[in-house]
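**Q** Before anything else, here's the structure in question.
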4 protein chains.
Amino acid sequence: MDERGSYFNEGIGKDGPFDRLREECGVFGVFGYADAASLTYYGLHTLQHRGEESSGICTSDGRAFSYHRGMGLVKEVFDKDRLESLLGDRAIGHVRYSTSGDSRLTNAQPLVFKTRDGDLSVATNGNIVNAPAIRRELEQKGSIFQTTSDTEVIAHLIARSEADLVTAAKEALRQLAGGFAFLIMTNDRLLVASDPHGLRPLAMGRIGDAYVFSSESCALDAVGAEFIRAIEPGELLVFDEMGYRSERFAPVERRALCAMEFIYFARPDSQMHDINLHTARKRMGKQLAQESFVEADIVSGVPDSSISAAIGYAEATGIPYEMGMIKSKYSGRTFIQPSQELREQGVKMKLSAVRSVVEGKRVVLIDDSIVRGTTSRRIVKMLRDAGALEVHLRIASPPFKHPCFYGIDTPDSNDLIASSHSVEEICGLIGADSLAFLSHEGTVEAIGGAFAKEKKGGLCMACFDHDYPTELAAAAKTSGCGC
Amino acid sequence: MDERGSYFNEGIGKDGPFDRLREECGVFGVFGYADAASLTYYGLHTLQHRGEESSGICTSDGRAFSYHRGMGLVKEVFDKDRLESLLGDRAIGHVRYSTSGDSRLTNAQPLVFKTRDGDLSVATNGNIVNAPAIRRELEQKGSIFQTTSDTEVIAHLIARSEADLVTAAKEALRQLAGGFAFLIMTNDRLLVASDPHGLRPLAMGRIGDAYVFSSESCALDAVGAEFIRAIEPGELLVFDEMGYRSERFAPVERRALCAMEFIYFARPDSQMHDINLHTARKRMGKQLAQESFVEADIVSGVPDSSISAAIGYAEATGIPYEMGMIKSKYSGRTFIQPSQELREQGVKMKLSAVRSVVEGKRVVLIDDSIVRGTTSRRIVKMLRDAGALEVHLRIASPPFKHPCFYGIDTPDSNDLIASSHSVEEICGLIGADSLAFLSHEGTVEAIGGAFAKEKKGGLCMACFDHDYPTELAAAAKTSGCGC
Amino acid sequence: MDERGSYFNEGIGKDGPFDRLREECGVFGVFGYADAASLTYYGLHTLQHRGEESSGICTSDGRAFSYHRGMGLVKEVFDKDRLESLLGDRAIGHVRYSTSGDSRLTNAQPLVFKTRDGDLSVATNGNIVNAPAIRRELEQKGSIFQTTSDTEVIAHLIARSEADLVTAAKEALRQLAGGFAFLIMTNDRLLVASDPHGLRPLAMGRIGDAYVFSSESCALDAVGAEFIRAIEPGELLVFDEMGYRSERFAPVERRALCAMEFIYFARPDSQMHDINLHTARKRMGKQLAQESFVEADIVSGVPDSSISAAIGYAEATGIPYEMGMIKSKYSGRTFIQPSQELREQGVKMKLSAVRSVVEGKRVVLIDDSIVRGTTSRRIVKMLRDAGALEVHLRIASPPFKHPCFYGIDTPDSNDLIASSHSVEEICGLIGADSLAFLSHEGTVEAIGGAFAKEKKGGLCMACFDHDYPTELAAAAKTSGCGC
Amino acid sequence: MDERGSYFNEGIGKDGPFDRLREECGVFGVFGYADAASLTYYGLHTLQHRGEESSGICTSDGRAFSYHRGMGLVKEVFDKDRLESLLGDRAIGHVRYSTSGDSRLTNAQPLVFKTRDGDLSVATNGNIVNAPAIRRELEQKGSIFQTTSDTEVIAHLIARSEADLVTAAKEALRQLAGGFAFLIMTNDRLLVASDPHGLRPLAMGRIGDAYVFSSESCALDAVGAEFIRAIEPGELLVFDEMGYRSERFAPVERRALCAMEFIYFARPDSQMHDINLHTARKRMGKQLAQESFVEADIVSGVPDSSISAAIGYAEATGIPYEMGMIKSKYSGRTFIQPSQELREQGVKMKLSAVRSVVEGKRVVLIDDSIVRGTTSRRIVKMLRDAGALEVHLRIASPPFKHPCFYGIDTPDSNDLIASSHSVEEICGLIGADSLAFLSHEGTVEAIGGAFAKEKKGGLCMACFDHDYPTELAAAAKTSGCGC
C-alpha cells in the first residue's frame, strides 16, 4: 500500500473514506551553518514525503527571526527571493500533512511567538495525548491560542514559567504525554527533544562545525551532513554559541520507536539508528517468503513503498521479480480527477496494472499493510482485469488493528478491516486467491538492529497488538497528528 | 498632494524617503445580514483607498468563525470560492496599509484568537499610544504575542479578565490611550467602539434589519445601507440577536476628529457627521481663494485628492479650471518602475503635466498638503518643463509641522519641511513663483458642520498646532499606525 | 457615459447586452532607441484605456525578433524578466480590446510571421472593411491563416508579392478599404501607415535621434518624447538606419478623423493634431450650455469621460460644478460581481451617486453619448434614489444613430436608441426631466482646430449622420474592430 | 542514465552542456468518444515523460475546433474550466520537450490553421529531415510561417494542393523524409500516419466504438482502451463518421523502429508491437550479465530507467539487487538549484547514493547508456564517496556514437564520448573499476519480439552503427526534434 500520493489522486470519492495512513509531518533544524535557510530548504524537500500540505522555515541570526510559511510543497512555498530573505545561521523547518481548509495556514509550522524573553519558534512531529486538557487549563488562566495545533501548548507552558528557558522547557516537556520530536528555537539557543519513549524518530548530524537535525537521516545525506546518532528517549539537547549540553527531562522508559516508520513511512534510503530502511524491508520480504511461500510465476510489489519487500520475496523464493504495477510520477494536487463515468470505464491515473506483464500469470503481490481494505480490493481487481490468473497477496507487516495516538492519522478501530475480520475473511473481501501477513516476531526480527533484544525490539507495535507505551488520556483525540 | 497611489509608483528611490502620508486602515462590519461576507467584501472594496497592503474578513454564523486574510487588494485576496466559504450573518473586515515585509501577513487583520470563552476577532483603525507599555506588562505575566499589532493588546486584556465580555471590554478600552475605532466580534456579539476623543471616524448604517459599520460612509452607500450616525467618542455599542445597547466606557472628553480625514484621506463622496467631503474641500478651495488670490490663466489641482479644492478656487476667482495634470489609473504594485535613466529622460508613469494645457500659461496649482516638499518640487518642475510660465502653489490646509500619533504614518518632525522652514523658504526650495497655505481658522471654517462651534470645530489639528488631545506616553512610537 | 471600465463591472447581465462603445486598440512603436522594449512598455501602459484585453511587444535588434504577448493589462503581461528579454532598438506594441475567449491569445498583437524575406511583425488599430473578401481570395490560393484578425491579411498580401517590401506594402495597403493605422516591422525597417481618410489617429514624436509612434500623443509625453505631427491620410513612412522617407500609397481623399476620439475615447491629456482633448471637451460643454441651458443647482459629469464637458458647462452657466457621481478606481476584471439580489438591494461597485451632494438638488448631468440608453436610465435612477429633485441630462455630442465600421464596436442600428426614437421619446425612456444633445455644427465648432474649415471639420461623423467616408463592402462585418 | 528529469535539476551549469538525450514529444488522439478532451488529458498525462515543456489539446465537435495550449505539464496547462471548454468527440493532443524560450508557446502543438477548406490541426512526434528545404520553397511562393516547427510544413503542403484532403495529405507525406508520427484533424476527419520506416512509435487502440491513438501503449491502458496494433510504416489511416480506411502513401521500406525507445525512452509498462518494455529491459540486463559478469556484493540500477535491467542482471547472476541509488520524486522545474558552494559541500537534490547500502560493498551499477560521460563520472564518484569499495559500470546498450536525426536531441558527434574513445578510455575517464557495454547482437536479441528476424530486428540502430535508414539531406539540422 502506498497511499501517500494517492491521497490526492485515487482516494477521493472512490469508496467513501480514504484508505490510507496519513503522514505525520517532518522537522529539520540547523545550528551554526552560514546559510541555514538554504540547508533547511533542501532538508525539508527531502522530507517532503512526510507532509505535502504546508511547509515553513524560521531562521535566526542571533538577534531576530525571519520566517515564511505557506500551503503547498516546499518548492511551491519558497522561491529564491523568499529564501534569501531568511537570514541567519540557525533555522528550524517543518513539512506538514493535514486535513485541508484554507484557514489552516495559521496552523502551518514552525509556529512563532513573542514572549517576554523574546521570540520563540517551535516545530513538532507527533501528537501530545494530553494537549486538550493542558490547553483548557491554560485558557482558564487567560491564555489566547492562535492555532488548533498541539504545538502551541508547549510555547504557552514555557512563556508562563518564571524559570529560565531550559528549566521552563524541561518542566513543560515533563507535563506532556504522547509521542513527539520537538525543535524549539530562540534567538540564542536551539532546543531539541524527543518524547520519553522515543516514539517519533529524530536524527542528529554534523556538517563542519554545524549541527543538523532531521526526522529522517535521508535529509542529512541530502545536505552533505554526516549522521551522528538518534536523539535519545527523554533527552533534551540545548545548543548555543559555545556548544551543546545534553540533559534528560524524563527518566528512561521502555524504548518504543514507531514500527510503521520501518514498514511504510520513512524513505528507503533513510537509516533509523543503525538500520537502513530498504534493507530492513527486503528482510521483511524474505521473512514473508519463509513464512508464507506460494507457487507463482512472478512477484510484484505495490509501488513505491513495497518494492523493497517484493525484491526480498523474489530473492528468497527464486520467483522472478516483475513490474506488474506502475505508478505515475506526475500526479499531484492540481491534477483533475477522472469523473465517475471515466473511472468506471477504466481510466486510471495513479496506480495501474501492466497487462503485458501480468496477463496469464500467477502473481504474488507484496504490499506493506492493509488499512480499510478498499485499496487492496481495487488492486486485486486491477490485476485480474489485466489478465492475472491468480493473485496472492502477501503483507509485509502484521494485521493493522488499533488506531495510533502518536502522530499517525488512522481510521477508527471499526474501520480497520483487521480489527473485526479474520485473515480468511479479509482474503474473501478483497478477492485475493490467498492472503498472508508477516508475523509479529517475523517483523521484529526482520527490522533487527541494535535494539533487537530490547522488549519488542525497541519498537512500538501498538497498532498491531494494542500495547500502547503511554497511558491514553480519557479525553485524548481518538487518533491523528497534533501538528 | 495625492501620494497614496504614488507609494508604489513615483516615490521609490526618487528623492530618498517617501514624501507622503500613509493611510491608516479601514474597518467594516455587519450584524444580521444573511450574506455578511459579500456585504463586507463590497464595503472593504469601497474603503480600499485606506489600505492597499492586506485585507481580511472574519465571519460568524453564531456558532463558529470562518476567516480569510491575505496580502493585496480586496479583489486580489478574495475570489468567489473563498468568499462563499465565509459563512454567517455577521462579519468584520479590514484593509491595511503598512510597511512591507512578507511575514506581515501575520499582522493582517481581523486578528482571530481562541480564548476560554470561545473565539474572538478584532479589527482596528488607529493607533494606541500606550500599547508598548501594556504589552510589556502582559508579557511579564506570560502572555504570548503572535503579531506586532497594537490590536492584539486588547484581545489579551479581555482574555485575562475574569469579568463578562462587555465588562472586560470596557475595562480594557479604558486602559488604552490614543485614537482608535474597534470592531470586536465573538460568536454571539459584535462590539463597536470609538476612542474618547473620536479621533478616528466610524459610521453606523442600517440595511433592513441589519446594522453596518464603516470607517467612512461611502462604503455604507456602496452596499445600499442608510447612514444613521457616527459612533460617539468613548461609546461602546454591543449588538446581539435581541438588538443593541449603547454604553460609555469613558467620560466625554473634547471631541477631536482627525482634520486630515477632511483634507486628504477620506473619499470625496463620504460624509463625516453631516459634512460631505467634496463639498468641504470645495469650500477650502474657495476660502483659499479669498485668503490668497493670485492673477493667473488657469487653475489646476493635483489629482485626485485636490481636484475638489481646485474647482472651488476656480469658482471663487473666475479663473478657468483646467486639467493641467493627469494621473494614470492603471499604475499599481505590479508595475515595473522606470530605470533612473528613463526617469531622467522624462518617462513618467503616474502623474504628468499636460503640455497642451499649461504651455504658455500662468498656473495656480492647488494641492492638499506639503509633507517633505520633494513631491511639490517635482510637480512644480513638471509644470515648468511642460511650458508653464508661472506656477503659484496654493495649499488647502495649514503647514504640516508635527507627527501624528493617532494612526497616520508621518515622517519625523525634522523631515517635515514646514517644521523648520518659513513659507517663504519653502517656496524657494520647491521653486514655485508663490506659495500660500490655508489658515487654521479658514480650515476650521471651511470644514464647518455640526461641531463648528466646539473647540477647533471638534477637530484634531495637532499636526498643524501641536495641541495633541491625549497625553503622549514617553515610550510612544514616534508615529504611525498601530494596526 | 464612460462605459470603458464598466465593461467588466456594471454591464454584465444587467440589462442584457452591454450598453457601451468598445475601444478600438492602441499601437505604439519605436525606431532607434536603445531600450526600445521599455519605452514601448511605458507607452502601451499610457494607451491602456484603448484596450485592456491583451497586450504585446515585438522588438528587433536588426537581426532577430524577440516578442511576448499575453492576455491582460500591460503590467500583468510583462514582468521585469520578460521585458529584459526583448532586445533591440526598435519595437512595435499593441493593446487590444475585444470580446473574450481564451483562444484569443492567438489574436493578440503584434502578429509575427516568417516569410521568405525574413521576419515580419504587424500591429494595427482599426478595421478593414473588405478584409473578409481579401481573405477568401488568399485562402483560395492556399494561404493558411493563424488568426481571425484583419491584420493578418496585410502580411499575406506582402508575403505573396514578388516586389520589394515597400512596393509590396504600398500595393497591399491600396487594396484595403476602411479605417486603420499600421505599424509594420522587419529586421531592418519600420513602416508606418494611415488609411486614406486618416480615420484612426496616429502621432509621431521624437526623442533624441529616435522616432516614436503612438495612437495618442499622451504616450509620447509619458515617455518624454516631443510631439512632431500626425501621420497624414494615405501616407506611408519608411524608417531605416539611414533615416526615413515619406510616400503616399493612395491619393488624398477627404480627411475624416473619428469624432468619437474627441468626444469619448482619447485621454484628456492627448492632443489630436493641434487640439488638446480636455480643452475641446470643455468647449463642447460650453457650447452645450449655450444651446440648451437649464436652471439648476449643480452641474455634474459622468466620470471619468464627461468631467471636462461638465466643467465647461458649469463655467459657461455659473451653476456650480459638484461631484454628484463617483467612480471606483479599484474595480477591474478580477472583481467579483454582486449577485442579482445584492444589486437590487443597492450594492453598486463602479459608479455611484453621492447622496450628500445631490440630495434636494436640481442636477444637470453631463454625459458624452447615449448608446442603447440603458446606462443613462440607470444613472438617472441612481441620482433620483440619492435624492436629486430634478435630473436634466445634457449630452455633449449629437444622437448616436449608426454603427461604426472603422474600428469601434457598436451595437446594430436597431439597438441604438437614437436611431429609432426622438429626443423626446428618449427622455421619457430614460426618465430624465429634460434631455438635450449637442448639435452637429456645435460639435464641429467645439472641436475646432486646424481643419475646422475642411468639410465637417475634417471629421468622420458617420455615426451621427450616416455619411461614411469609404464605400462599405456588401460583406463587411456589421461593425467592430478588426484587430 | 535517467537524465530526463535531471534536465531541470542536476544538469544545469554543472559540467557545461547537459549530458542527456532529450525526449521527442508524444501525441495522443481520439475519434468518436463523447468527452474526447478528457480522454486526451489523461492520455497526455500518461505520456508526460515524453515532453514536459508544453502541452495542448485541440478538439472538434464536427463543426468547429476548440483548443488550448500552454507551457508546462498537462496538469498545469489544463484546469477543469479549460478542459470543459474543449468540446466534441474527436481530439488530438501533444506533449513537447524542447529548448526553452518563452516565445516558444507559439511552437506548442497541436498547431491550428485556417485554410480554404476549413480548420486544420496537426500534432507530430519526430523530425523531418528535409523540412528546411521544403520550407524555403514554400516561402518563395509567398507562404507565411508562424512557427519554427517542422509540423507547419505539412499544413502548407496540404493547403496549397488543389486535390481533396486525403490525396493532398498523401502527396504531402510523400515529400517528407525522416522519422515521424502524424495526427491531422479537420472537422470531419482524422488522419493518422507513420513514416515509411516506422521510426517513431504510434499505437492504435479501441474503447467501445471509439478509436484512440498514442505514441505509447501505456496511455491506451490508462484510459481503459484496448491495444489493437501499431500503425504500419508508410500507412495513412483516415477516420470519418462512417469508419476508417487504411492506405499507403509510400512503398514498404525496411522497418526501423527506434531502438532507444526500448532502451530508455518509453515507459516500462508500454508495449511496442508485442514487446513489454520492462520485460525487454530485464532481458537486456540478463544478456549483459552473460556478456560481462563481474564478482560483486550488490547490483544497483540508476533510477528510474535502469531499474529493470538491474533486476535482470541480479536475477541472472544471483548477486542481490539493492537500492544503492535513489531519486527524489519531488524535484522539478520550480525547484531552487543549490548554489555551487552547496553543491561542492555535498548537497544533492535529485539523485543520490545510499550510504547505508553501498558502504563497504563492491557494486555493479547498471545504466542504460552513456552520452557525454559527465553524468556517469558523477555517479561513480557519488558511490565512492558513499563508501563503495568497487564500482563496476554495466551499460545495457551499445556505445552511443552517432547523432539522431529522427526526433531525439543528441549532442554533436564530437561530444559523444563513445565516438572518440575506446571502452577502456571511457572507463578511465569516468573513474569506474570496470566498464562494459551490451553488444549489438545482444541488444537486438534481448529486445526480441515479432520482428526479431527482420534486418537488425526491425530496429533503427543508427546511433550505434551509423546505418541511417533514410538519406540525410545535406541541409538537415544536425540533430533534434522537429516538433
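Labels for the C-alpha cells follow display order: chains A, B, ..., residues from 1 in each chain, ligands from 1.
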Provide as number ranges by chain the residues of chain C at most 7 Å from chain D, counting only C-alpha atoms.
**A** C: 67-68, 103, 112-116, 139-146, 156, 159-160
**Q** Keeping only N, CA and C atoms, take the residues you just selected and write them out as a PDB file, in the first residue's frame.
**A**
ATOM      1  N   TYR C  67       9.741  38.596 -28.925  1.00  0.00           N
ATOM      2  CA  TYR C  67       8.393  39.112 -28.681  1.00  0.00           C
ATOM      3  C   TYR C  67       7.702  38.369 -27.560  1.00  0.00           C
ATOM      4  N   HIS C  68       6.734  39.036 -27.001  1.00  0.00           N
ATOM      5  CA  HIS C  68       5.895  38.412 -25.980  1.00  0.00           C
ATOM      6  C   HIS C  68       4.519  39.055 -26.028  1.00  0.00           C
ATOM      7  N   SER C 103      -8.885  31.325 -26.365  1.00  0.00           N
ATOM      8  CA  SER C 103      -8.040  31.024 -27.505  1.00  0.00           C
ATOM      9  C   SER C 103      -7.698  32.314 -28.226  1.00  0.00           C
ATOM     10  N   VAL C 112       3.245  38.030 -35.614  1.00  0.00           N
ATOM     11  CA  VAL C 112       4.604  37.791 -36.092  1.00  0.00           C
ATOM     12  C   VAL C 112       4.560  36.703 -37.154  1.00  0.00           C
ATOM     13  N   PHE C 113       5.221  36.917 -38.282  1.00  0.00           N
ATOM     14  CA  PHE C 113       5.201  35.964 -39.388  1.00  0.00           C
ATOM     15  C   PHE C 113       6.614  35.688 -39.876  1.00  0.00           C
ATOM     16  N   LYS C 114       6.786  34.481 -40.399  1.00  0.00           N
ATOM     17  CA  LYS C 114       8.057  34.148 -41.021  1.00  0.00           C
ATOM     18  C   LYS C 114       7.842  34.083 -42.538  1.00  0.00           C
ATOM     19  N   THR C 115       8.515  34.933 -43.280  1.00  0.00           N
ATOM     20  CA  THR C 115       8.344  34.936 -44.731  1.00  0.00           C
ATOM     21  C   THR C 115       9.684  34.685 -45.386  1.00  0.00           C
ATOM     22  N   ARG C 116       9.622  34.491 -46.669  1.00  0.00           N
ATOM     23  CA  ARG C 116      10.832  34.329 -47.469  1.00  0.00           C
ATOM     24  C   ARG C 116      11.846  35.430 -47.181  1.00  0.00           C
ATOM     25  N   GLU C 139      -7.116  32.498 -49.317  1.00  0.00           N
ATOM     26  CA  GLU C 139      -7.282  31.089 -48.934  1.00  0.00           C
ATOM     27  C   GLU C 139      -7.482  30.217 -50.176  1.00  0.00           C
ATOM     28  N   GLN C 140      -8.177  30.761 -51.173  1.00  0.00           N
ATOM     29  CA  GLN C 140      -8.330  30.008 -52.419  1.00  0.00           C
ATOM     30  C   GLN C 140      -6.967  29.686 -53.016  1.00  0.00           C
ATOM     31  N   LYS C 141      -6.022  30.567 -52.792  1.00  0.00           N
ATOM     32  CA  LYS C 141      -4.678  30.351 -53.359  1.00  0.00           C
ATOM     33  C   LYS C 141      -3.793  29.520 -52.432  1.00  0.00           C
ATOM     34  N   GLY C 142      -4.353  29.004 -51.343  1.00  0.00           N
ATOM     35  CA  GLY C 142      -3.592  28.111 -50.482  1.00  0.00           C
ATOM     36  C   GLY C 142      -2.970  28.769 -49.264  1.00  0.00           C
ATOM     37  N   SER C 143      -3.296  30.026 -49.008  1.00  0.00           N
ATOM     38  CA  SER C 143      -2.743  30.654 -47.800  1.00  0.00           C
ATOM     39  C   SER C 143      -3.399  30.068 -46.556  1.00  0.00           C
ATOM     40  N   ILE C 144      -2.602  29.912 -45.530  1.00  0.00           N
ATOM     41  CA  ILE C 144      -3.080  29.414 -44.249  1.00  0.00           C
ATOM     42  C   ILE C 144      -3.149  30.580 -43.280  1.00  0.00           C
ATOM     43  N   PHE C 145      -4.281  30.726 -42.599  1.00  0.00           N
ATOM     44  CA  PHE C 145      -4.394  31.797 -41.614  1.00  0.00           C
ATOM     45  C   PHE C 145      -4.316  31.220 -40.201  1.00  0.00           C
ATOM     46  N   GLN C 146      -3.640  31.978 -39.360  1.00  0.00           N
ATOM     47  CA  GLN C 146      -3.487  31.526 -37.978  1.00  0.00           C
ATOM     48  C   GLN C 146      -4.481  32.231 -37.069  1.00  0.00           C
ATOM     49  N   HIS C 156      -0.099  38.564 -45.467  1.00  0.00           N
ATOM     50  CA  HIS C 156      -0.156  37.631 -46.600  1.00  0.00           C
ATOM     51  C   HIS C 156      -0.001  38.370 -47.931  1.00  0.00           C
ATOM     52  N   ALA C 159       3.635  39.104 -48.287  1.00  0.00           N
ATOM     53  CA  ALA C 159       4.458  37.906 -48.485  1.00  0.00           C
ATOM     54  C   ALA C 159       4.300  37.348 -49.906  1.00  0.00           C
ATOM     55  N   ARG C 160       3.112  37.473 -50.470  1.00  0.00           N
ATOM     56  CA  ARG C 160       2.875  36.891 -51.794  1.00  0.00           C
ATOM     57  C   ARG C 160       3.395  37.782 -52.926  1.00  0.00           C
TER      58      ARG C 160
END
**Q** Write out as JSON, numbers by chain which residues come within 7 Å of D:Glu52 when counting only C-alpha atoms, dropping same-chain ones fewer than 6 positions away.
**A** {"D": [72, 73, 95, 96, 97]}
**Q** Mind listing the helix (DSSP H, G or I) residues of stretch 138-191 of chain B, per DSSP on the backbone, as number ranges by chain?
**A** B: 138-140, 151-160, 165-175
**Q** Can you pull out the residues contacting D:Gly178? Cut-off 8 Å, using only C-alpha atoms, and skip same-chain residues under 3 positions away; I want them as number ranges by chain.
**A** D: 126-130, 195, 405-406, 470
**Q** If you count only C-alpha atoms, which residues fall within 7 Å of stretch 31-37 of chain B, apart from same-chain ones fewer than 6 positions away, as a ChimeraX atom specification?
**A** /B:59,83,86,88-91,209-212
**Q** Those same residues - all heavy atoms - I'd like them written as a PDB file, in the first residue's frame.
**A**
ATOM      1  N   THR B  59     -16.032  35.994   9.531  1.00  0.00           N
ATOM      2  CA  THR B  59     -17.484  35.938   9.697  1.00  0.00           C
ATOM      3  C   THR B  59     -17.841  34.962  10.814  1.00  0.00           C
ATOM      4  O   THR B  59     -17.028  34.128  11.218  1.00  0.00           O
ATOM      5  CB  THR B  59     -18.186  35.456   8.424  1.00  0.00           C
ATOM      6  OG1 THR B  59     -17.758  34.120   8.147  1.00  0.00           O
ATOM      7  CG2 THR B  59     -17.865  36.344   7.240  1.00  0.00           C
ATOM      8  N   LEU B  83     -14.921  33.602  -0.855  1.00  0.00           N
ATOM      9  CA  LEU B  83     -15.974  34.428  -0.306  1.00  0.00           C
ATOM     10  C   LEU B  83     -17.134  33.544   0.134  1.00  0.00           C
ATOM     11  O   LEU B  83     -17.723  33.727   1.202  1.00  0.00           O
ATOM     12  CB  LEU B  83     -16.427  35.445  -1.357  1.00  0.00           C
ATOM     13  CG  LEU B  83     -17.119  36.694  -0.840  1.00  0.00           C
ATOM     14  CD1 LEU B  83     -16.268  37.405   0.205  1.00  0.00           C
ATOM     15  CD2 LEU B  83     -17.411  37.659  -1.988  1.00  0.00           C
ATOM     16  N   LEU B  86     -17.040  31.836   3.525  1.00  0.00           N
ATOM     17  CA  LEU B  86     -17.162  32.648   4.744  1.00  0.00           C
ATOM     18  C   LEU B  86     -18.642  32.739   5.116  1.00  0.00           C
ATOM     19  O   LEU B  86     -19.403  33.496   4.522  1.00  0.00           O
ATOM     20  CB  LEU B  86     -16.573  34.039   4.509  1.00  0.00           C
ATOM     21  CG  LEU B  86     -15.076  34.048   4.134  1.00  0.00           C
ATOM     22  CD1 LEU B  86     -14.608  35.453   3.828  1.00  0.00           C
ATOM     23  CD2 LEU B  86     -14.236  33.442   5.251  1.00  0.00           C
ATOM     24  N   GLY B  88     -22.210  32.979   7.460  1.00  0.00           N
ATOM     25  CA  GLY B  88     -22.830  33.625   8.599  1.00  0.00           C
ATOM     26  C   GLY B  88     -23.381  35.009   8.300  1.00  0.00           C
ATOM     27  O   GLY B  88     -23.133  35.588   7.245  1.00  0.00           O
ATOM     28  N   ASP B  89     -24.113  35.532   9.278  1.00  0.00           N
ATOM     29  CA  ASP B  89     -24.807  36.802   9.101  1.00  0.00           C
ATOM     30  C   ASP B  89     -24.114  37.939   9.838  1.00  0.00           C
ATOM     31  O   ASP B  89     -24.669  39.012   9.989  1.00  0.00           O
ATOM     32  CB  ASP B  89     -26.263  36.679   9.562  1.00  0.00           C
ATOM     33  CG  ASP B  89     -26.371  36.495  11.061  1.00  0.00           C
ATOM     34  OD1 ASP B  89     -25.361  36.088  11.690  1.00  0.00           O
ATOM     35  OD2 ASP B  89     -27.455  36.742  11.610  1.00  0.00           O
ATOM     36  N   ARG B  90     -22.916  37.692  10.342  1.00  0.00           N
ATOM     37  CA  ARG B  90     -22.164  38.789  10.951  1.00  0.00           C
ATOM     38  C   ARG B  90     -20.716  38.683  10.488  1.00  0.00           C
ATOM     39  O   ARG B  90     -20.204  37.592  10.235  1.00  0.00           O
ATOM     40  CB  ARG B  90     -22.280  38.746  12.468  1.00  0.00           C
ATOM     41  CG  ARG B  90     -21.872  37.440  13.084  1.00  0.00           C
ATOM     42  CD  ARG B  90     -22.591  37.186  14.405  1.00  0.00           C
ATOM     43  NE  ARG B  90     -23.952  36.742  14.183  1.00  0.00           N
ATOM     44  CZ  ARG B  90     -24.787  36.351  15.148  1.00  0.00           C
ATOM     45  NH1 ARG B  90     -24.414  36.368  16.421  1.00  0.00           N
ATOM     46  NH2 ARG B  90     -26.001  35.942  14.868  1.00  0.00           N
ATOM     47  N   ALA B  91     -20.088  39.817  10.371  1.00  0.00           N
ATOM     48  CA  ALA B  91     -18.725  39.822   9.825  1.00  0.00           C
ATOM     49  C   ALA B  91     -18.013  41.090  10.240  1.00  0.00           C
ATOM     50  O   ALA B  91     -18.637  42.115  10.478  1.00  0.00           O
ATOM     51  CB  ALA B  91     -18.766  39.753   8.305  1.00  0.00           C
ATOM     52  N   ASP B 209     -33.043  45.063   8.560  1.00  0.00           N
ATOM     53  CA  ASP B 209     -32.878  44.849   9.992  1.00  0.00           C
ATOM     54  C   ASP B 209     -31.412  44.802  10.406  1.00  0.00           C
ATOM     55  O   ASP B 209     -31.107  44.680  11.591  1.00  0.00           O
ATOM     56  CB  ASP B 209     -33.496  43.495  10.401  1.00  0.00           C
ATOM     57  CG  ASP B 209     -35.001  43.529  10.254  1.00  0.00           C
ATOM     58  OD1 ASP B 209     -35.565  44.649  10.238  1.00  0.00           O
ATOM     59  OD2 ASP B 209     -35.594  42.452  10.142  1.00  0.00           O
ATOM     60  N   ALA B 210     -30.533  44.826   9.436  1.00  0.00           N
ATOM     61  CA  ALA B 210     -29.117  44.632   9.739  1.00  0.00           C
ATOM     62  C   ALA B 210     -28.415  45.951  10.003  1.00  0.00           C
ATOM     63  O   ALA B 210     -28.823  46.997   9.500  1.00  0.00           O
ATOM     64  CB  ALA B 210     -28.437  43.923   8.572  1.00  0.00           C
ATOM     65  N   TYR B 211     -27.349  45.885  10.812  1.00  0.00           N
ATOM     66  CA  TYR B 211     -26.525  47.056  11.077  1.00  0.00           C
ATOM     67  C   TYR B 211     -25.190  46.908  10.362  1.00  0.00           C
ATOM     68  O   TYR B 211     -24.656  45.807  10.241  1.00  0.00           O
ATOM     69  CB  TYR B 211     -26.296  47.224  12.580  1.00  0.00           C
ATOM     70  CG  TYR B 211     -27.567  47.638  13.273  1.00  0.00           C
ATOM     71  CD1 TYR B 211     -28.416  46.689  13.836  1.00  0.00           C
ATOM     72  CD2 TYR B 211     -27.944  48.981  13.322  1.00  0.00           C
ATOM     73  CE1 TYR B 211     -29.613  47.070  14.442  1.00  0.00           C
ATOM     74  CE2 TYR B 211     -29.133  49.358  13.922  1.00  0.00           C
ATOM     75  CZ  TYR B 211     -29.958  48.405  14.477  1.00  0.00           C
ATOM     76  OH  TYR B 211     -31.135  48.793  15.054  1.00  0.00           O
ATOM     77  N   VAL B 212     -24.692  48.049   9.902  1.00  0.00           N
ATOM     78  CA  VAL B 212     -23.448  48.052   9.145  1.00  0.00           C
ATOM     79  C   VAL B 212     -22.562  49.154   9.714  1.00  0.00           C
ATOM     80  O   VAL B 212     -23.059  50.204  10.114  1.00  0.00           O
ATOM     81  CB  VAL B 212     -23.734  48.334   7.647  1.00  0.00           C
ATOM     82  CG1 VAL B 212     -22.474  48.155   6.819  1.00  0.00           C
ATOM     83  CG2 VAL B 212     -24.831  47.418   7.127  1.00  0.00           C
TER      84      VAL B 212
END
**Q** Excluding same-chain residues fewer than 2 positions from B:Ala219, what lies within 10 Å of it counting only C-alpha atoms, as number ranges by chain?
**A** B: 28, 39-40, 42-48, 203, 205, 212-217, 221-225, 227, 267, 269-270; C: 347-349
**Q** Can you tell me, as a ChimeraX atom specification, which residues in stretch 194-320 of chain D count as strand (DSSP E) by DSSP?
**A** /D:194,203-207,210-214,226-230,235-240,243-248,257-258,271-272,275-276,298-301
**Q** Just to confirm, what's the straight-line distance from atom CA of D:Gly312 to atom CA of D:Ala296 in Å (one decimal)?
**A** 15.2 Å
**Q** For a test of reading the model, state the distance in Å between atom CA of D:Glu424 and atom CA of D:Glu315, rounded to one decimal.
**A**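 Atom-to-atom, atom CA of D:Glu424 to atom CA of D:Glu315, that is 26.8 Å.
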**Q** Give me, as number ranges by chain, all polymer residues having an atom no more than 7 Å from D:Pro196, counting only C-alpha atoms and skipping those fewer than 4 positions away in the same chain.
**A** D: 233-234, 250, 252-253
**Q** Restricting the calculation to only C-alpha atoms, which member of A:Ile336, A:Ala131, A:Ile326, A:Leu393 is positioned closest to D:Asp81?
**A**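 Among A:Ile336, A:Ala131, A:Ile326, A:Leu393, it is A:Ile336 that comes nearest to D:Asp81.
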**Q** Using only C-alpha atoms, determine which residues lie at most 6 Å from C:Gln109, disregarding the query and same-chain residues fewer than 3 positions distant; provide the list as a PyMOL selection string.
**A** chain C and resi 56+94+123
**Q** Between D:Phe335, D:Tyr330, D:Glu454, D:Lys286, which has the minimum distance to A:Lys75 (counting only C-alpha atoms)?
**A**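 Closest to A:Lys75, using only C-alpha atoms: D:Phe335.
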